[in-house]
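S.K.: Below is the structure I would like to discuss, written out as structure tokens.
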There are 4 protein chains.
Amino acid sequence: VSRLDLNADVGESFGRWRLGDDEALLGVVTSANVACGFHAGDPLTLRRTCAAATARQVRIGAQVGYRDLAGFGRRFIDVAPDDLAADVLYQLGALDAFARVAGGRVRYVKPHGALYNAVVRHEAQAAAIADAVRAYDPDLSILGLPGSALLSAAEAHGLRTVAECFADRAYRSDGSLVPRIEAGAVIADVDTVVARAVRMAVAHEVVAEDGAIVAVAAESICVHGDTPRAAEIAVAIRTALDEAGVTVVAFAD
Amino acid sequence: VSRLDLNADVGESFGRWRLGDDEALLGVVTSANVACGFHAGDPLTLRRTCAAATARQVRIGAQVGYRDLAGFGRRFIDVAPDDLAADVLYQLGALDAFARVAGGRVRYVKPHGALYNAVVRHEAQAAAIADAVRAYDPDLSILGLPGSALLSAAEAHGLRTVAECFADRAYRSDGSLVPRIEAGAVIADVDTVVARAVRMAVAHEVVAEDGAIVAVAAESICVHGDTPRAAEIAVAIRTALDEAGVTVVAFAD
Amino acid sequence: VSRLDLNADVGESFGRWRLGDDEALLGVVTSANVACGFHAGDPLTLRRTCAAATARQVRIGAQVGYRDLAGFGRRFIDVAPDDLAADVLYQLGALDAFARVAGGRVRYVKPHGALYNAVVRHEAQAAAIADAVRAYDPDLSILGLPGSALLSAAEAHGLRTVAECFADRAYRSDGSLVPRIEAGAVIADVDTVVARAVRMAVAHEVVAEDGAIVAVAAESICVHGDTPRAAEIAVAIRTALDEAGVTVVAFAD
Amino acid sequence: VSRLDLNADVGESFGRWRLGDDEALLGVVTSANVACGFHAGDPLTLRRTCAAATARQVRIGAQVGYRDLAGFGRRFIDVAPDDLAADVLYQLGALDAFARVAGGRVRYVKPHGALYNAVVRHEAQAAAIADAVRAYDPDLSILGLPGSALLSAAEAHGLRTVAECFADRAYRSDGSLVPRIEAGAVIADVDTVVARAVRMAVAHEVVAEDGAIVAVAAESICVHGDTPRAAEIAVAIRTALDEAGVTVVAFAD
């Protein structure tokens with residue numbers, strides 16, 4: 001039987017500004033990447049999000065990001081590793097407070113936005129994240145892109161790594177993602193996205209942009225949280241996976 | 001034998017801006033009120049401060065404040081109780097991450113600046129702090145002003161309360177502090193401050209501004225951290241207390 | 001012939017977070033209260049908003065607020081007058097840069113949120129605003145609540161004052177607004193709001209909550225910008241005012 | 001007769017945190033690069049700094065930076081050009097408000113920290129700055145590194161460019177600066193720094209690290225503001241330049 005975790009970004013509102021349909025997403029996914037306040041997520045939103053996730057038995061992950069509310073964490077910042085490690089610890093501890101008062105705890109870490117993209121190759125920032133996570137709790141997992149510097153650093157630090165795939169992103173024949181700035185990088189058609197998700201889950205493969213069939217070895221599939229139709233797409237993927245006999249279950253205990 | 005805890009504010013630097021002689025203060029005090037990032041304290045400073053405190057066996061307290069870097073937390077903000085409770089949890093968890101990776105943990109909470117002053121009387125904000133602390137860890141103590149709404153709320157929430165006194169502040173005959181805006185509110189002469197500290201510790205009393213002798217029942221004495229001579233005064237107080245046979249020891253285990 | 005200005009809040013998005021239908025509002029109102037970055041409004045949003053306002057010949061006002069993104073400027077902050085005056089100058093100059101590069105300029109100042117409410121009675125903060133505005137440009141107007149400390153301070157500083165009324169707020173028989181926390185303070189029914197707006201414009205009066213008819217002497221009527229139906233209500237009011245023969249025109253040249 | 005402008009960074013305090021001896025520096029330099037609030041400089045500090053500069057007839061420049069208080073603007077941020085141009089306009093307008101109420105105005109723009117370093121080569125960010133400056137006021141000058149992308153962009157936008165040199169930095173034989181991370185990049189000995197300043201001013205040359213004599217064509221010489229001895233060094237340079245018959249005068253009218 002195939003097993004797959006379904007993860008999405010939540011908790012990305014800030015004060016008066018609301019973003020994402022967290023309520024709907026938490027009814028569908030098995031792992032919630034909760035923002036931690038540096039790029040999004042005011043404390044009360046984070047508290048409520050952790051309570052809602054715990055109530056639905058959705059696993060809580062710390063979606064750590066650069067300190068950049070104005071840029072929503074989507075701009076690379078050349079943070080020194082010592083500062084980045086401290087920034088990650090700060091965010092991790094803050095979110096864990098909300099997870100714990102809700103009766104749960106943070107189970108994994110997934111970098112957000114530009115930090116996620118940076119640590120595909122930026123070894124110093126990747127190591128800083130892995131250092132911080134191991135120092136905080138060596139039982140935490142790190143969720144990231146297969147082949148990234150982050151997952152390598154996590155392994156080197158003895159942390160469990162969880163690879164994820166994207167049903168709505170075009171792949172190259174070498175298994176990497178087509179960068180967002182290229183045409184066709186993001187797949188908008190819901191039926192296509194759903195079909196790709198099922199094939200990834202059942203056959204562990206995806207059709208690359210050049211038609212090649214590429215192996216996909218992922219324990220989790222990502223649904224982006226802040227697009228208008230994110231919840232709708234997540235529901236469609238979840239339904240199709242259930243119907244295809246895939247066991248949709250959290251990767252973390 | 002008299003026993004007294006000696007507490008001071010530390011960790012109040014922010015990025016390029018340095019403030020206070022933390023190294024010297026941590027060599028003298030028994031409890032360190034470490035800033036938590038909302039009014040002061042960047043993450044790397046907090047990590048280093050928690051490591052230094054733990055290495056010297058100084059107890060770590062969370063010096064929670066309003067979200068106000070520009071005002072250093074010294075301006076009252078009319079935060080709703082739900083938001084304040086979440087703000088306190090966020091800061092508490094963040095600081096505890098640094099305390100834990102240093103091998104210690106946060107032992108108590110002391111509000112900073114305008115929040116400290118507000119919760120002398122502001123019952124809703126006082127209750128929000130007590131709620132947050134109990135939710136996070138009911139074994140934490142709350143350090144504050146005797147007779148304050150905060151200590152009342154803490155008691156009502158079943159938390160241990162620790163009253164503090166101030167050797168460099170003038171008292172009224174009813175035991176309250178002379179407000180800072182009044183002349184003579186702060187005592188600058190070191191010898192006088194030291195003598196008052198010893199009398200508070202040994203005889204549990206202080207001479208009020210009108211000459212009356214007022215009882216002081218405090219488990220801790222506060223040394224302010226960000227004045228130029230803070231470390232010097234702290235050393236003088238510590239030395240005098242030691243010589244007077246007072247056991248200077250942390251109130252927390 | 002009756003004349004009335006129609007003002008609304010715009011430019012209140014921040015980075016990834018969008019708020020309000022500025023495009024629609026700028027097609028209806030004659031004066032735009034543009035946020036200035038302290039409680040809302042990232043620089044690129046402000047630049048685009050000033051360009052759109054200028055293109056439509058809508059007058060630009062500086063909607064100055066407390067430095068409080070997390071609270072959207074809706075929480076009173078006990079800022080010292082010197083700091084508040086500097087905060088107002090900073091915001092005013094920043095917004096004016098965008099107004100000027102768009103070919104216009106800031107014509108008036110209207111405080112936002114908790115600052116608006118504070119300066120109904122807080123004389124020191126009211127004077128700080130008036131000081132800053134006069135120092136920047138004595139030809140600027142101040143838009144505010146009739147009878148407020150702000151308009152008194154503005155008059156005392158020789159500034160032109162512009163009183164505003166609210167079609168969707170309940171009034172007391174003394175002409176003051178029913179506080180938002182009371183039931184019935186905000187009128188939701190669009191037809192009622194429109195009818196009140198027309199009566200305010202044509203007959204200069206409003207029916208108070210106790211049935212009394214109260215005189216309303218206002219040069220501008222406010223439409224709130226960040227409610228879901230703000231643009232729709234603004235269009236309805238504008239249409240009704242036009243049909244009633246009211247000249248809807250900016251108060252500023 | 002040789003002429004040279006002497007510039008330094010000032011206004012870099014933030015709230016409770018003080019930095020630099022602005023009073024002393026403003027008594028020596030002819031141009032003041034005043035922070036604008038994004039990487040340093042609270043509004044009241046900026047107001048006072050502009051007033052002090054104007055009183056001493058020191059020219060005011062806008063020291064624009066990345067939005068990064070935690071990093072003091074010393075970390076590269078991959079800001080999109082549209083956002084950066086808006087950020088520069090925002091800072092420029094804000095500072096100009098203080099310059100104007102003090103009776104002066106902003107005369108030039110000099111990027112700070114990581115932004116200064118980025119626009120040595122980053123053409124998109126350099127063009128964004130030049131775009132913003134020209135849009136605000138085409139009579140403003142841009143102060144920067146000779147040969148930088150910033151000065152090229154400024155020229156292409158029809159702006160006056162002003163090249164600066166550094167008496168305390170080692171040069172390569174191609175005229176570029178030795179990067180700060182290399183040993184010997186910064187010259188600490190005051191006498192050496194002073195002698196280099198005089199040679200730069202009088203002979204328009206400097207001895208590179210390999211002993212070569214390199215031509216220096218600069219209208220201004222920079223004294224860094226936030227080092228402990230900055231004011232002392234600035235005084236020594238100013239005195240030596242005066243004695244050498246160099247006319248120390250602002251480049252801006």
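Identifiers for the structure tokens are assigned positionally: chains receive A, B, ... in sequence, residues are indexed from 1 per chain, and ligands are indexed from 1 in the order shown.
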Please identify all polymer residues within 10 Å of stretch 207-215 of chain D, counting only C-alpha atoms, omitting same-chain residues fewer than 6 positions from it, and present them as a VMD selection string.

M.R.: chain D and resid 169 to 178 184 to 185 196 199 to 200

S.K.: Skipping near chain neighbours, those fewer than 6 positions away, what residues fall within 7 Å of stretch 19-34 of chain A using only C-alpha atoms, listed as a VMD selection string?

M.R.: (chain A and resid 5 to 13 53 58 to 63 110 225 to 226 231 234 to 235 238 249 to 250) or (chain C and resid 17)

S.K.: Let me see the file: selected residues, N, CA and C atoms, as a CSV table (one decimal), in the first residue's frame.

M.R.:
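again.csv written:
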```csv
chain,number,residue,atom,x,y,z
A,5,ASP,N,2.2,11.7,3.0
A,5,ASP,CA,1.8,12.8,3.9
A,5,ASP,C,1.4,14.0,3.0
A,6,LEU,N,0.5,14.8,3.5
A,6,LEU,CA,0.0,15.9,2.7
A,6,LEU,C,0.3,17.2,3.6
A,7,ASN,N,1.2,18.1,3.1
A,7,ASN,CA,1.5,19.2,3.9
A,7,ASN,C,1.2,20.5,3.2
A,8,ALA,N,0.8,21.5,4.0
A,8,ALA,CA,0.5,22.9,3.5
A,8,ALA,C,0.9,23.9,4.5
A,9,ASP,N,1.1,25.1,3.9
A,9,ASP,CA,1.5,26.3,4.8
A,9,ASP,C,0.2,26.9,5.4
A,10,VAL,N,0.2,27.2,6.7
A,10,VAL,CA,-0.9,27.8,7.4
A,10,VAL,C,-0.3,28.8,8.4
A,11,GLY,N,-1.2,29.6,9.0
A,11,GLY,CA,-0.8,30.5,10.0
A,11,GLY,C,-0.1,31.7,9.4
A,12,GLU,N,-0.4,32.1,8.2
A,12,GLU,CA,0.4,33.2,7.5
A,12,GLU,C,-0.4,34.5,7.6
A,13,SER,N,-1.4,34.6,8.4
A,13,SER,CA,-2.0,35.9,8.6
A,13,SER,C,-1.1,36.8,9.5
A,53,ALA,N,-4.9,22.8,14.7
A,53,ALA,CA,-4.2,21.7,14.1
A,53,ALA,C,-4.2,20.5,15.1
A,58,VAL,N,-3.6,17.1,13.2
A,58,VAL,CA,-2.7,17.5,12.2
A,58,VAL,C,-1.3,17.8,12.8
A,59,ARG,N,-0.2,17.2,12.3
A,59,ARG,CA,1.1,17.4,12.9
A,59,ARG,C,1.5,18.9,12.6
A,60,ILE,N,2.2,19.4,13.6
A,60,ILE,CA,2.7,20.8,13.5
A,60,ILE,C,4.2,20.9,13.1
A,61,GLY,N,4.5,21.6,12.1
A,61,GLY,CA,5.9,21.9,11.7
A,61,GLY,C,6.1,23.3,11.8
A,62,ALA,N,7.4,23.7,12.1
A,62,ALA,CA,7.8,25.1,12.2
A,62,ALA,C,8.3,25.6,10.8
A,63,GLN,N,7.5,26.5,10.3
A,63,GLN,CA,7.8,27.0,9.0
A,63,GLN,C,8.7,28.3,9.2
A,110,LYS,N,10.3,23.1,8.4
A,110,LYS,CA,10.4,23.3,7.0
A,110,LYS,C,10.7,24.8,6.7
A,225,GLY,N,-0.3,27.1,0.5
A,225,GLY,CA,-1.4,27.5,1.3
A,225,GLY,C,-2.0,28.9,0.9
A,226,ASP,N,-1.3,29.8,0.3
A,226,ASP,CA,-1.8,31.1,0.2
A,226,ASP,C,-2.3,31.5,-1.2
A,231,ALA,N,-7.2,25.6,-0.9
A,231,ALA,CA,-8.0,24.6,-0.1
A,231,ALA,C,-8.8,23.7,-1.1
A,234,ALA,N,-6.4,21.2,-2.5
A,234,ALA,CA,-6.0,20.2,-1.5
A,234,ALA,C,-7.1,19.2,-1.3
A,235,VAL,N,-8.4,19.6,-1.3
A,235,VAL,CA,-9.5,18.7,-1.1
A,235,VAL,C,-9.5,17.7,-2.3
A,238,ARG,N,-6.7,15.2,-2.0
A,238,ARG,CA,-6.9,14.3,-0.9
A,238,ARG,C,-8.0,13.3,-1.3
A,249,VAL,N,-1.3,9.9,5.4
A,249,VAL,CA,-1.0,9.8,6.9
A,249,VAL,C,0.2,10.7,7.1
A,250,ALA,N,0.3,11.2,8.3
A,250,ALA,CA,1.4,12.1,8.6
A,250,ALA,C,2.7,11.2,8.7
C,17,TRP,N,0.2,41.0,2.0
C,17,TRP,CA,-1.1,41.1,2.5
C,17,TRP,C,-1.9,42.2,1.8
```

S.K.: As a PDB file with C-alpha atoms, in the first residue's frame, could you give me every residue of chain C near chain A (at most 12 Å apart, counting only C-alpha atoms)?

M.R.:
```pdb
ATOM      1  CA  GLU C  12      -3.593  49.797   3.767  1.00  0.00           C
ATOM      2  CA  SER C  13      -2.063  46.703   2.194  1.00  0.00           C
ATOM      3  CA  PHE C  14       1.346  45.555   3.410  1.00  0.00           C
ATOM      4  CA  GLY C  15       3.619  43.429   1.255  1.00  0.00           C
ATOM      5  CA  ARG C  16       1.979  40.085   0.527  1.00  0.00           C
ATOM      6  CA  TRP C  17      -1.135  41.058   2.468  1.00  0.00           C
ATOM      7  CA  ARG C  18      -3.764  42.902   0.488  1.00  0.00           C
ATOM      8  CA  LEU C  19      -6.562  44.894   2.074  1.00  0.00           C
ATOM      9  CA  GLY C  20      -9.370  46.996   0.665  1.00  0.00           C
ATOM     10  CA  GLY C  37       3.754  52.823   6.585  1.00  0.00           C
ATOM     11  CA  PHE C  38       3.643  52.890  10.382  1.00  0.00           C
ATOM     12  CA  HIS C  39       0.396  50.975  10.863  1.00  0.00           C
ATOM     13  CA  ALA C  40      -0.062  49.830   7.242  1.00  0.00           C
ATOM     14  CA  GLY C  41       1.150  50.572   3.732  1.00  0.00           C
ATOM     15  CA  ASP C  42       4.401  49.264   2.274  1.00  0.00           C
ATOM     16  CA  PRO C  43       6.330  51.778   0.149  1.00  0.00           C
ATOM     17  CA  LEU C  44       5.432  50.275  -3.245  1.00  0.00           C
ATOM     18  CA  THR C  45       1.745  50.192  -2.327  1.00  0.00           C
ATOM     19  CA  ASP C  68       2.236  49.341  15.216  1.00  0.00           C
ATOM     20  CA  LEU C  69       1.978  47.002  12.235  1.00  0.00           C
ATOM     21  CA  ALA C  70       0.978  44.091  14.477  1.00  0.00           C
ATOM     22  CA  GLY C  71      -1.972  46.054  15.833  1.00  0.00           C
ATOM     23  CA  PHE C  72      -2.835  47.938  12.619  1.00  0.00           C
ATOM     24  CA  GLY C  73      -2.573  51.152  14.616  1.00  0.00           C
ATOM     25  CA  ARG C  74      -5.689  50.270  16.572  1.00  0.00           C
ATOM     26  CA  ARG C  75      -4.089  50.155  20.015  1.00  0.00           C
ATOM     27  CA  ASP C 226     -11.260  48.069   4.871  1.00  0.00           C
ATOM     28  CA  THR C 227     -14.703  46.560   5.303  1.00  0.00           C
TER      29      THR C 227
END
```

S.K.: Tell me, as JSON, numbers by chain, which residues lie within 10 Å of stretch 85-88 of chain D, counting only C-alpha atoms; anything in the same chain fewer than 3 positions away does not count.

M.R.: {"C": [42, 43, 44, 45, 46, 47, 48, 94, 97, 98], "D": [36, 38, 62, 63, 64, 65, 66, 67, 79, 80, 81, 82, 91, 92, 93, 94, 109, 111, 125, 126, 127, 128, 129, 130, 131, 132, 133, 135, 136]}

S.K.: Looking only at helix (DSSP H, G or I) from DSSP on the backbone, list the matching residues of stretch 32-239 of chain B as an MDAnalysis selection string.

M.R.: chainID B and resid 43:55 81:101 113:118 123:136 149:156 190:203 230:239

S.K.: If we count only C-alpha atoms, what is near D:Thr54 at a cut-off of 9 Å, once residues fewer than 4 positions away on the same chain are taken out, given as a PyMOL selection string?

M.R.: chain D and resi 49-50+58-60+99+102-105

S.K.: Any chance you can output those residues with all heavy atoms as a short mmCIF file (atom, residue, chain, number, x, y, z; two decimals), in the first residue's frame?

M.R.:
```cif
data_model
loop_
_atom_site.label_atom_id
_atom_site.label_comp_id
_atom_site.auth_asym_id
_atom_site.auth_seq_id
_atom_site.Cartn_x
_atom_site.Cartn_y
_atom_site.Cartn_z
N THR D 49 19.17 65.34 14.52
CA THR D 49 20.40 65.32 13.74
C THR D 49 20.34 66.32 12.59
O THR D 49 21.32 67.04 12.33
CB THR D 49 20.64 63.89 13.19
OG1 THR D 49 20.67 62.98 14.30
CG2 THR D 49 21.94 63.81 12.42
N CYS D 50 19.19 66.38 11.92
CA CYS D 50 19.05 67.35 10.83
C CYS D 50 19.12 68.78 11.36
O CYS D 50 19.70 69.67 10.70
CB CYS D 50 17.74 67.12 10.08
SG CYS D 50 17.79 65.65 9.03
N VAL D 58 26.36 72.01 7.96
CA VAL D 58 26.80 70.74 7.37
C VAL D 58 25.71 70.28 6.41
O VAL D 58 24.53 70.32 6.75
CB VAL D 58 27.04 69.69 8.48
CG1 VAL D 58 27.37 68.33 7.87
CG2 VAL D 58 28.15 70.15 9.42
N ARG D 59 26.11 69.86 5.19
CA ARG D 59 25.14 69.41 4.20
C ARG D 59 24.54 68.07 4.62
O ARG D 59 25.27 67.20 5.12
CB ARG D 59 25.78 69.26 2.83
CG ARG D 59 26.36 70.54 2.27
CD ARG D 59 25.31 71.64 2.14
NE ARG D 59 25.87 72.84 1.53
CZ ARG D 59 26.58 73.76 2.18
NH1 ARG D 59 26.80 73.65 3.48
NH2 ARG D 59 27.05 74.81 1.54
N ILE D 60 23.25 67.89 4.35
CA ILE D 60 22.55 66.66 4.74
C ILE D 60 22.38 65.73 3.54
O ILE D 60 21.87 66.14 2.49
CB ILE D 60 21.15 67.00 5.31
CG1 ILE D 60 21.31 67.80 6.61
CG2 ILE D 60 20.32 65.74 5.54
CD1 ILE D 60 19.99 68.38 7.13
N ALA D 99 14.90 67.62 7.30
CA ALA D 99 15.83 68.63 6.79
C ALA D 99 15.08 69.94 6.55
O ALA D 99 15.56 71.02 6.91
CB ALA D 99 16.48 68.13 5.50
N ALA D 102 14.06 71.90 9.55
CA ALA D 102 15.25 72.51 10.17
C ALA D 102 15.76 73.68 9.35
O ALA D 102 16.72 74.34 9.75
CB ALA D 102 16.35 71.46 10.32
N GLY D 103 15.13 73.94 8.22
CA GLY D 103 15.55 75.06 7.39
C GLY D 103 16.51 74.67 6.28
O GLY D 103 17.01 75.54 5.56
N GLY D 104 16.76 73.39 6.12
CA GLY D 104 17.64 72.95 5.04
C GLY D 104 16.91 72.04 4.08
O GLY D 104 15.70 72.18 3.89
N ARG D 105 17.63 71.17 3.43
CA ARG D 105 17.02 70.12 2.62
C ARG D 105 18.07 69.06 2.32
O ARG D 105 19.26 69.29 2.48
CB ARG D 105 16.43 70.67 1.32
CG ARG D 105 17.28 71.68 0.59
CD ARG D 105 16.58 72.11 -0.68
NE ARG D 105 16.49 70.95 -1.54
CZ ARG D 105 17.08 70.86 -2.73
NH1 ARG D 105 17.74 71.87 -3.23
NH2 ARG D 105 17.00 69.76 -3.44
#
```

S.K.: Report the distance between atom CA of A:Ala252 and atom CA of A:Ser141 in Å, rounded to one decimal place.

M.R.: 7.9 Å

S.K.: I'd like the neighbourhood of C:Val119 as a list in words, where a residue qualifies if any of its atoms comes within 8 Å (using only C-alpha atoms), though same-chain residues fewer than 4 positions away should be ignored.

M.R.: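 The residues satisfying every condition are Leu115, Glu123, Gln125, Ala126, Ser148, Ala149 and Leu150 of chain C.
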
S.K.: Write the selection just made, keeping all heavy atoms, as a short mmCIF file (atom, residue, chain, number, x, y, z; two decimals), in the first residue's frame?

M.R.:
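Okay, this is what ended up in part23.cif:
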```
data_model
loop_
_atom_site.label_atom_id
_atom_site.label_comp_id
_atom_site.auth_asym_id
_atom_site.auth_seq_id
_atom_site.Cartn_x
_atom_site.Cartn_y
_atom_site.Cartn_z
N LEU C 115 -5.00 56.41 17.18
CA LEU C 115 -4.50 57.79 17.29
C LEU C 115 -5.65 58.77 17.03
O LEU C 115 -5.77 59.78 17.73
CB LEU C 115 -3.36 58.01 16.28
CG LEU C 115 -2.70 59.39 16.27
CD1 LEU C 115 -2.14 59.77 17.64
CD2 LEU C 115 -1.58 59.44 15.22
N GLU C 123 -4.84 65.94 24.78
CA GLU C 123 -4.36 67.23 24.28
C GLU C 123 -2.89 67.23 23.91
O GLU C 123 -2.48 67.90 22.95
CB GLU C 123 -4.67 68.32 25.31
CG GLU C 123 -6.19 68.46 25.49
CD GLU C 123 -6.59 69.62 26.38
OE1 GLU C 123 -5.70 70.29 26.92
OE2 GLU C 123 -7.81 69.85 26.51
N GLN C 125 -1.04 64.71 22.73
CA GLN C 125 -0.83 64.05 21.44
C GLN C 125 -1.45 64.89 20.31
O GLN C 125 -0.91 64.96 19.21
CB GLN C 125 -1.38 62.62 21.46
CG GLN C 125 -0.57 61.70 22.39
CD GLN C 125 -0.74 60.21 22.10
OE1 GLN C 125 -1.60 59.80 21.32
NE2 GLN C 125 0.10 59.39 22.72
N ALA C 126 -2.59 65.53 20.59
CA ALA C 126 -3.22 66.39 19.59
C ALA C 126 -2.29 67.54 19.21
O ALA C 126 -2.08 67.86 18.03
CB ALA C 126 -4.55 66.92 20.11
N SER C 148 -13.18 67.80 18.58
CA SER C 148 -12.05 67.05 19.13
C SER C 148 -10.92 67.97 19.56
O SER C 148 -10.78 69.10 19.08
CB SER C 148 -11.52 66.08 18.07
OG SER C 148 -11.07 66.80 16.93
N ALA C 149 -10.07 67.44 20.47
CA ALA C 149 -8.86 68.17 20.87
C ALA C 149 -7.98 68.43 19.67
O ALA C 149 -7.30 69.46 19.59
CB ALA C 149 -8.10 67.37 21.93
N LEU C 150 -7.99 67.50 18.70
CA LEU C 150 -7.15 67.67 17.52
C LEU C 150 -7.55 68.92 16.73
O LEU C 150 -6.69 69.72 16.36
CB LEU C 150 -7.25 66.44 16.61
CG LEU C 150 -6.46 66.56 15.31
CD1 LEU C 150 -4.96 66.68 15.58
CD2 LEU C 150 -6.74 65.39 14.39
#
```

S.K.: DSSP on the backbone: what in stretch 53-188 of chain C comes out strand (DSSP E or B), as a count of residues only?

M.R.: 25

S.K.: Compile the contact shell of C:Glu219 as a ChimeraX atom specification: residues with an atom at most 10 Å away, counting only C-alpha atoms, same-chain residues fewer than 5 positions apart removed.

M.R.: /C:2-6,143,161-165,201,249-251

S.K.: Mind checking which residues fall within 9 Å of C:Leu159, counting only C-alpha atoms, ignoring those fewer than 4 positions away in the same chain, and posting them as an MDAnalysis selection string?

M.R.: chainID C and resid 130 133:134 138:142 151 153:155

S.K.: As an exercise, work out the distance from atom CA of C:Val246 to atom CA of C:Glu232 in Å and give it to one decimal place.

M.R.: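 Atom CA of C:Val246 sits 19.2 Å away from atom CA of C:Glu232.
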
S.K.: Quick one: distance from atom CA of D:Asp191 to atom CA of D:Ala236 in Å, one decimal?

M.R.: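 Between atom CA of D:Asp191 and atom CA of D:Ala236 the gap works out to 8.5 Å.
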
S.K.: Quick one: of C:Asp78, C:Ala197, C:Leu241, C:Ser220, who's nearest to B:Ala118, counting only C-alpha atoms?

M.R.: C:Asp78
